[in-house]
There are 2 protein chains.
Amino acid sequence: MAKPNDKLSAEDRLIARFFQPLATHPGALGLSDDAAFIAPPAGCDLVLKTDAIIGGVHFFAEDSAREVARKALRVNLSDLAAKGATPLGFLLSLALPKEIGDDWLGAFADGLHADAVEFGCPLFGGDTDRTPGPVTISIAMFGSVPQGSMVRRAGAKPGDRVFVSGTIGDASLGLALRKGADWKLSAAQRQHLAARYLLPQPRNALAEAVRTHASAAMDVSDGLAGDLAKLCRVSGMASEIAVAQVPLSDAARAVIAAAPAMLETALTGGDDYEVLCTVPPAKAASFRAAAQAVNVPVSEIGVIVEGEGARFVGADGQALAFKRASFSHF
Amino acid sequence: MAKPNDKLSAEDRLIARFFQPLATHPGALGLSDDAAFIAPPAGCDLVLKTDAIIGGVHFFAEDSAREVARKALRVNLSDLAAKGATPLGFLLSLALPKEIGDDWLGAFADGLHADAVEFGCPLFGGDTDRTPGPVTISIAMFGSVPQGSMVRRAGAKPGDRVFVSGTIGDASLGLALRKGADWKLSAAQRQHLAARYLLPQPRNALAEAVRTHASAAMDVSDGLAGDLAKLCRVSGMASEIAVAQVPLSDAARAVIAAAPAMLETALTGGDDYEVLCTVPPAKAASFRAAAQAVNVPVSEIGVIVEGEGARFVGADGQALAFKRASFSHF
């Protein structure tokens, strides 16, 4: 009697070996089903986000698979943080060229696992295909917020203070370094900028403070200037930013001291993955305290005003004119 | 005063022009935010699924963008149908080579819109990137079932009847036609098979009948023989299928009459997107009636038994031996 059909396919084996250990939620059914299920937390809205990263576009082909996996997850986690949401889990859609083998996949799954645990965000399901193109990793992430409390881009009001977390521009300067720029930095400075490009540090620890204080928020992924302009546009507002107040790392300051034109790269380049939010003045002190309590540095960089556009004012009182406000693929 | 940052980027314009009309749910915020939200239906579990299709792998580069969009959505809708779930919405991650222009995108969005309306499944958000590879469309879909009622692959019991919807093998024969096979079919027969490959007809109308009758279910996407073997494996069961009972279209019958070896292609080829389910004998008549009430043909093709493997028995009483039980990318 022939029973050729009871064998595991190569794809099933790949899933069982590399991805099943990440599917810790009972509703993921150990990835043995076509779909997964989850009982949404009572009284909550689900927050939904998808973002993809592509080899040769969002990361270098030679980047370690472990860091690539973590970057794919973290660019989505960063959005949830800015929306004030708690991660619940994710779906993974993976397209792999044929030269990708078990070594790469093992490191990829290992990185994904580490961050799934760190951020409390298990794998619920996925899809794996061969592609004639580059590695393409698409993640759909879902989180939760108390009903009606997702923080939106729209909502900034005149007088609200503009805050950003962490430091701005490190990743875009790290990318420029990677492409061959040389500013006579120390090894530690080079390392700092390169690491900030390679692996985002999403501010999920700040999510609750954002949710309970911010009138509007988004994560900075396509450059501070362009992203703030988007927030202002959907809020029907303008903003006035003091460039001197924008938080820069020591490494970024060293770059700009050596090459002043790189200030524009820092303010308009992508991949910061910091939280940008507006906070009513009466809540600003409480927001600072809440951020400090979770060890996330935040800086007040300006104010929301009536009008249109995001104006970055230099030490000389003049607004900066940027060649390109933000990163766009199109 | 320079205000270069208040302009819409090309990517924002693309989203506003092509995809905003699909984002009809208020929680999608007109695609003007980084994330979307939805209040899950009370007393329900969410059902989560992701599946991608890639140009040159799952569809031909010359296929119409309208049908490609609908296929991308429908392969996910088919999984929800087999799990007994009602669609709620989807996220779209789109990677586009640079030669894709507005004509293609307009047709793509048009097809997606048509099916989002037909299946009650609005767009909640997305991500659009350039890729040096082929068009890659990844969809993450979410639906709902009454709590605890998602129909799983595991659950088939000895004596349960095995049912499939519609007809089996049309799409794989349609693909063979597309690749140059010639079986002296009528134009109508060729058209039938080609259409079944090009555009799945997911059985979402059958979802409630599956949910209220089936002990186990999945959609047939990688070939009936291999998919049934998977269902049997996770259920810890075997099945005995009468090949003569497997529903075939007139066109598929004509192909197999001309080329008997194509029976294996029909039973093991992919892209059927029909529902495969097991139903306890006491519920079989009610399941048939419920399927008839929603105008979805279903056929009883065999029975679940103790053991391992899915056995396909021919008219001569002998089990068929397949060279390859199902489609796998790896």
# chains A, B, ... in the order shown; residues from 1 in each chain; ligands from 1

$ residues_around --residues "Val243 (chain A)" --least-positions-apart "2" --cutoff "12 Å" --atoms "only C-alpha atoms" --output "MDAnalysis selection string"
chainID A and resid 168 224:225 240:241 245:248 263:264 266:267 299:302 310:320

$ residues_around --residues "region 117-129 of chain A" --least-positions-apart "5" --cutoff "7 Å" --atoms "only C-alpha atoms" --output "count of residues only"
23

$ closest_residue --among "B:Lys283, B:Arg161, B:Arg253, B:Arg190" --to "Gly174 (chain B)" --atoms "only C-alpha atoms"
B:Arg190

$ residues_around --residues "Ile256 (chain B)" --least-positions-apart "2" --cutoff "12 Å" --atoms "only C-alpha atoms" --output "PDB file with N, CA and C atoms, in the first residue's frame"
ATOM      1  N   GLY B 169      -8.743  20.134  -9.061  1.00  0.00           N
ATOM      2  CA  GLY B 169      -7.773  19.924 -10.138  1.00  0.00           C
ATOM      3  C   GLY B 169      -7.840  20.912 -11.290  1.00  0.00           C
ATOM      4  N   ASP B 170      -8.901  21.709 -11.347  1.00  0.00           N
ATOM      5  CA  ASP B 170      -9.030  22.634 -12.479  1.00  0.00           C
ATOM      6  C   ASP B 170      -7.846  23.587 -12.585  1.00  0.00           C
ATOM      7  N   LEU B 173      -4.608  21.974 -13.804  1.00  0.00           N
ATOM      8  CA  LEU B 173      -4.698  21.678 -15.242  1.00  0.00           C
ATOM      9  C   LEU B 173      -4.679  22.980 -16.046  1.00  0.00           C
ATOM     10  N   TRP B 183      -4.698  19.380 -25.098  1.00  0.00           N
ATOM     11  CA  TRP B 183      -5.478  18.134 -25.013  1.00  0.00           C
ATOM     12  C   TRP B 183      -6.701  18.153 -25.919  1.00  0.00           C
ATOM     13  N   LYS B 184      -6.678  19.003 -26.960  1.00  0.00           N
ATOM     14  CA  LYS B 184      -7.813  19.082 -27.901  1.00  0.00           C
ATOM     15  C   LYS B 184      -9.129  19.395 -27.173  1.00  0.00           C
ATOM     16  N   LEU B 185      -9.059  20.342 -26.255  1.00  0.00           N
ATOM     17  CA  LEU B 185     -10.267  20.738 -25.533  1.00  0.00           C
ATOM     18  C   LEU B 185     -11.068  21.736 -26.355  1.00  0.00           C
ATOM     19  N   LEU B 248     -14.959  16.379 -10.257  1.00  0.00           N
ATOM     20  CA  LEU B 248     -14.164  16.941 -11.357  1.00  0.00           C
ATOM     21  C   LEU B 248     -15.095  17.705 -12.289  1.00  0.00           C
ATOM     22  N   SER B 249     -14.594  18.790 -12.856  1.00  0.00           N
ATOM     23  CA  SER B 249     -15.374  19.534 -13.851  1.00  0.00           C
ATOM     24  C   SER B 249     -15.409  18.753 -15.160  1.00  0.00           C
ATOM     25  N   ASP B 250     -16.337  19.099 -16.036  1.00  0.00           N
ATOM     26  CA  ASP B 250     -16.360  18.472 -17.362  1.00  0.00           C
ATOM     27  C   ASP B 250     -15.017  18.657 -18.060  1.00  0.00           C
ATOM     28  N   ALA B 251     -14.440  19.829 -17.917  1.00  0.00           N
ATOM     29  CA  ALA B 251     -13.163  20.105 -18.584  1.00  0.00           C
ATOM     30  C   ALA B 251     -12.061  19.199 -18.038  1.00  0.00           C
ATOM     31  N   ALA B 252     -12.037  19.035 -16.708  1.00  0.00           N
ATOM     32  CA  ALA B 252     -11.013  18.166 -16.112  1.00  0.00           C
ATOM     33  C   ALA B 252     -11.233  16.720 -16.552  1.00  0.00           C
ATOM     34  N   ARG B 253     -12.488  16.295 -16.630  1.00  0.00           N
ATOM     35  CA  ARG B 253     -12.771  14.933 -17.112  1.00  0.00           C
ATOM     36  C   ARG B 253     -12.280  14.743 -18.541  1.00  0.00           C
ATOM     37  N   ALA B 254     -12.464  15.775 -19.365  1.00  0.00           N
ATOM     38  CA  ALA B 254     -12.020  15.684 -20.765  1.00  0.00           C
ATOM     39  C   ALA B 254     -10.496  15.562 -20.829  1.00  0.00           C
ATOM     40  N   ALA B 258      -8.292  12.254 -22.165  1.00  0.00           N
ATOM     41  CA  ALA B 258      -7.268  12.349 -23.219  1.00  0.00           C
ATOM     42  C   ALA B 258      -5.888  11.947 -22.701  1.00  0.00           C
ATOM     43  N   ALA B 259      -5.637  12.223 -21.436  1.00  0.00           N
ATOM     44  CA  ALA B 259      -4.304  11.981 -20.861  1.00  0.00           C
ATOM     45  C   ALA B 259      -4.478  11.489 -19.432  1.00  0.00           C
ATOM     46  N   PRO B 260      -4.664  10.171 -19.256  1.00  0.00           N
ATOM     47  CA  PRO B 260      -4.994   9.629 -17.925  1.00  0.00           C
ATOM     48  C   PRO B 260      -3.988  10.004 -16.839  1.00  0.00           C
ATOM     49  N   ALA B 261      -2.730  10.244 -17.215  1.00  0.00           N
ATOM     50  CA  ALA B 261      -1.731  10.590 -16.202  1.00  0.00           C
ATOM     51  C   ALA B 261      -2.051  11.923 -15.520  1.00  0.00           C
ATOM     52  N   MET B 262      -2.899  12.732 -16.164  1.00  0.00           N
ATOM     53  CA  MET B 262      -3.232  14.031 -15.565  1.00  0.00           C
ATOM     54  C   MET B 262      -4.135  13.894 -14.335  1.00  0.00           C
ATOM     55  N   LEU B 263      -4.651  12.692 -14.082  1.00  0.00           N
ATOM     56  CA  LEU B 263      -5.416  12.494 -12.839  1.00  0.00           C
ATOM     57  C   LEU B 263      -4.540  12.829 -11.635  1.00  0.00           C
ATOM     58  N   GLU B 264      -3.271  12.410 -11.707  1.00  0.00           N
ATOM     59  CA  GLU B 264      -2.377  12.712 -10.590  1.00  0.00           C
ATOM     60  C   GLU B 264      -2.183  14.212 -10.429  1.00  0.00           C
ATOM     61  N   THR B 265      -2.032  14.916 -11.565  1.00  0.00           N
ATOM     62  CA  THR B 265      -1.909  16.380 -11.494  1.00  0.00           C
ATOM     63  C   THR B 265      -3.142  16.989 -10.825  1.00  0.00           C
ATOM     64  N   ALA B 266      -4.314  16.493 -11.191  1.00  0.00           N
ATOM     65  CA  ALA B 266      -5.554  17.042 -10.621  1.00  0.00           C
ATOM     66  C   ALA B 266      -5.620  16.813  -9.111  1.00  0.00           C
ATOM     67  N   LEU B 267      -5.182  15.642  -8.673  1.00  0.00           N
ATOM     68  CA  LEU B 267      -5.321  15.293  -7.251  1.00  0.00           C
ATOM     69  C   LEU B 267      -4.195  15.851  -6.384  1.00  0.00           C
TER      70      LEU B 267
END

$ select_by_dssp --residues "region 11-176 of chain B" --states "helix (DSSP H, G or I)" --output "ChimeraX atom specification"
/B:11-22,26-31,65-82,102-118,170-176

$ closest_residue --among "B:Ile53, B:Val303, B:Ala82, B:Val234" --to "Ala217 (chain B)" --atoms "only C-alpha atoms"
B:Ala82

$ closest_residue --among "A:Met218, A:Ala293, A:Val68, A:Ala171" --to "Thr268 (chain A)" --atoms "only C-alpha atoms"
A:Ala171

$ select_by_dssp --residues "region 8-174 of chain B" --states "strand (DSSP E)" --output "PyMOL selection string"
chain B and resi 36-38+44-54+86-96+123-130+136-146+161-165

$ residues_around --residues "His213 (chain B)" --least-positions-apart "5" --cutoff "12 Å" --atoms "only C-alpha atoms" --output "MDAnalysis selection string"
chainID B and resid 82:84 149:151 155:156 160:163 206:208 277:291

$ closest_residue --among "A:Ser64, A:Ser32, A:Ser239, A:Ser78" --to "Asn204 (chain A)" --atoms "only C-alpha atoms"
A:Ser78

$ atom_distance --atom1 "CA of Leu199 (chain B)" --atom2 "CA of Ala181 (chain B)"
19.5 Å

$ residues_around --residues "Ser221 (chain A)" --least-positions-apart "3" --cutoff "9 Å" --atoms "only C-alpha atoms" --output "ChimeraX atom specification"
/A:75,78,218,224,227,269-274,327

$ residues_around --residues "Leu112 (chain A)" --least-positions-apart "4" --cutoff "8 Å" --atoms "only C-alpha atoms" --output "PyMOL selection string"
chain A and resi 22+66+69-70+73+108+116

$ write_last_selection --atoms "C-alpha atoms" --output "compact mmCIF listing (two decimals), in the first residue's frame"
# COMPACT_ATOMS: atom_id res chain seq x y z
CA LEU A 22 8.58 31.22 18.39
CA ARG A 66 20.01 37.80 13.29
CA ALA A 69 15.20 39.64 11.74
CA ARG A 70 15.26 41.95 14.72
CA LEU A 73 10.26 43.16 13.99
CA PHE A 108 17.25 34.73 11.44
CA ALA A 116 9.72 38.13 20.40

$ residues_around --residues "Val305 (chain A)" --least-positions-apart "6" --cutoff "7 Å" --atoms "only C-alpha atoms" --output "short mmCIF file (atom, residue, chain, number, x, y, z; two decimals) with N, CA and C atoms, in the first residue's frame"
data_model
loop_
_atom_site.label_atom_id
_atom_site.label_comp_id
_atom_site.auth_asym_id
_atom_site.auth_seq_id
_atom_site.Cartn_x
_atom_site.Cartn_y
_atom_site.Cartn_z
N PRO A 158 -2.64 74.05 19.20
CA PRO A 158 -1.73 75.18 19.40
C PRO A 158 -1.25 75.23 20.86
N GLY A 159 0.01 75.43 21.04
CA GLY A 159 0.59 75.49 22.38
C GLY A 159 1.14 74.16 22.85
N MET A 237 -2.17 71.82 11.70
CA MET A 237 -1.36 72.74 12.51
C MET A 237 0.01 72.96 11.87
N ALA A 238 0.78 73.86 12.46
CA ALA A 238 2.19 74.05 12.11
C ALA A 238 3.02 73.82 13.38
N SER A 239 4.34 73.79 13.19
CA SER A 239 5.19 73.69 14.38
C SER A 239 6.43 74.54 14.18
#

$ atom_distance --atom1 "CA of Gln189 (chain B)" --atom2 "CA of Ala321 (chain B)"
27.7 Å

$ atom_distance --atom1 "CA of Glu99 (chain A)" --atom2 "CA of Gln20 (chain A)"
22.4 Å

$ closest_residue --among "A:Lys71, A:Lys157, A:Arg130, A:Arg203" --to "chain B" --atoms "only C-alpha atoms"
A:Arg130
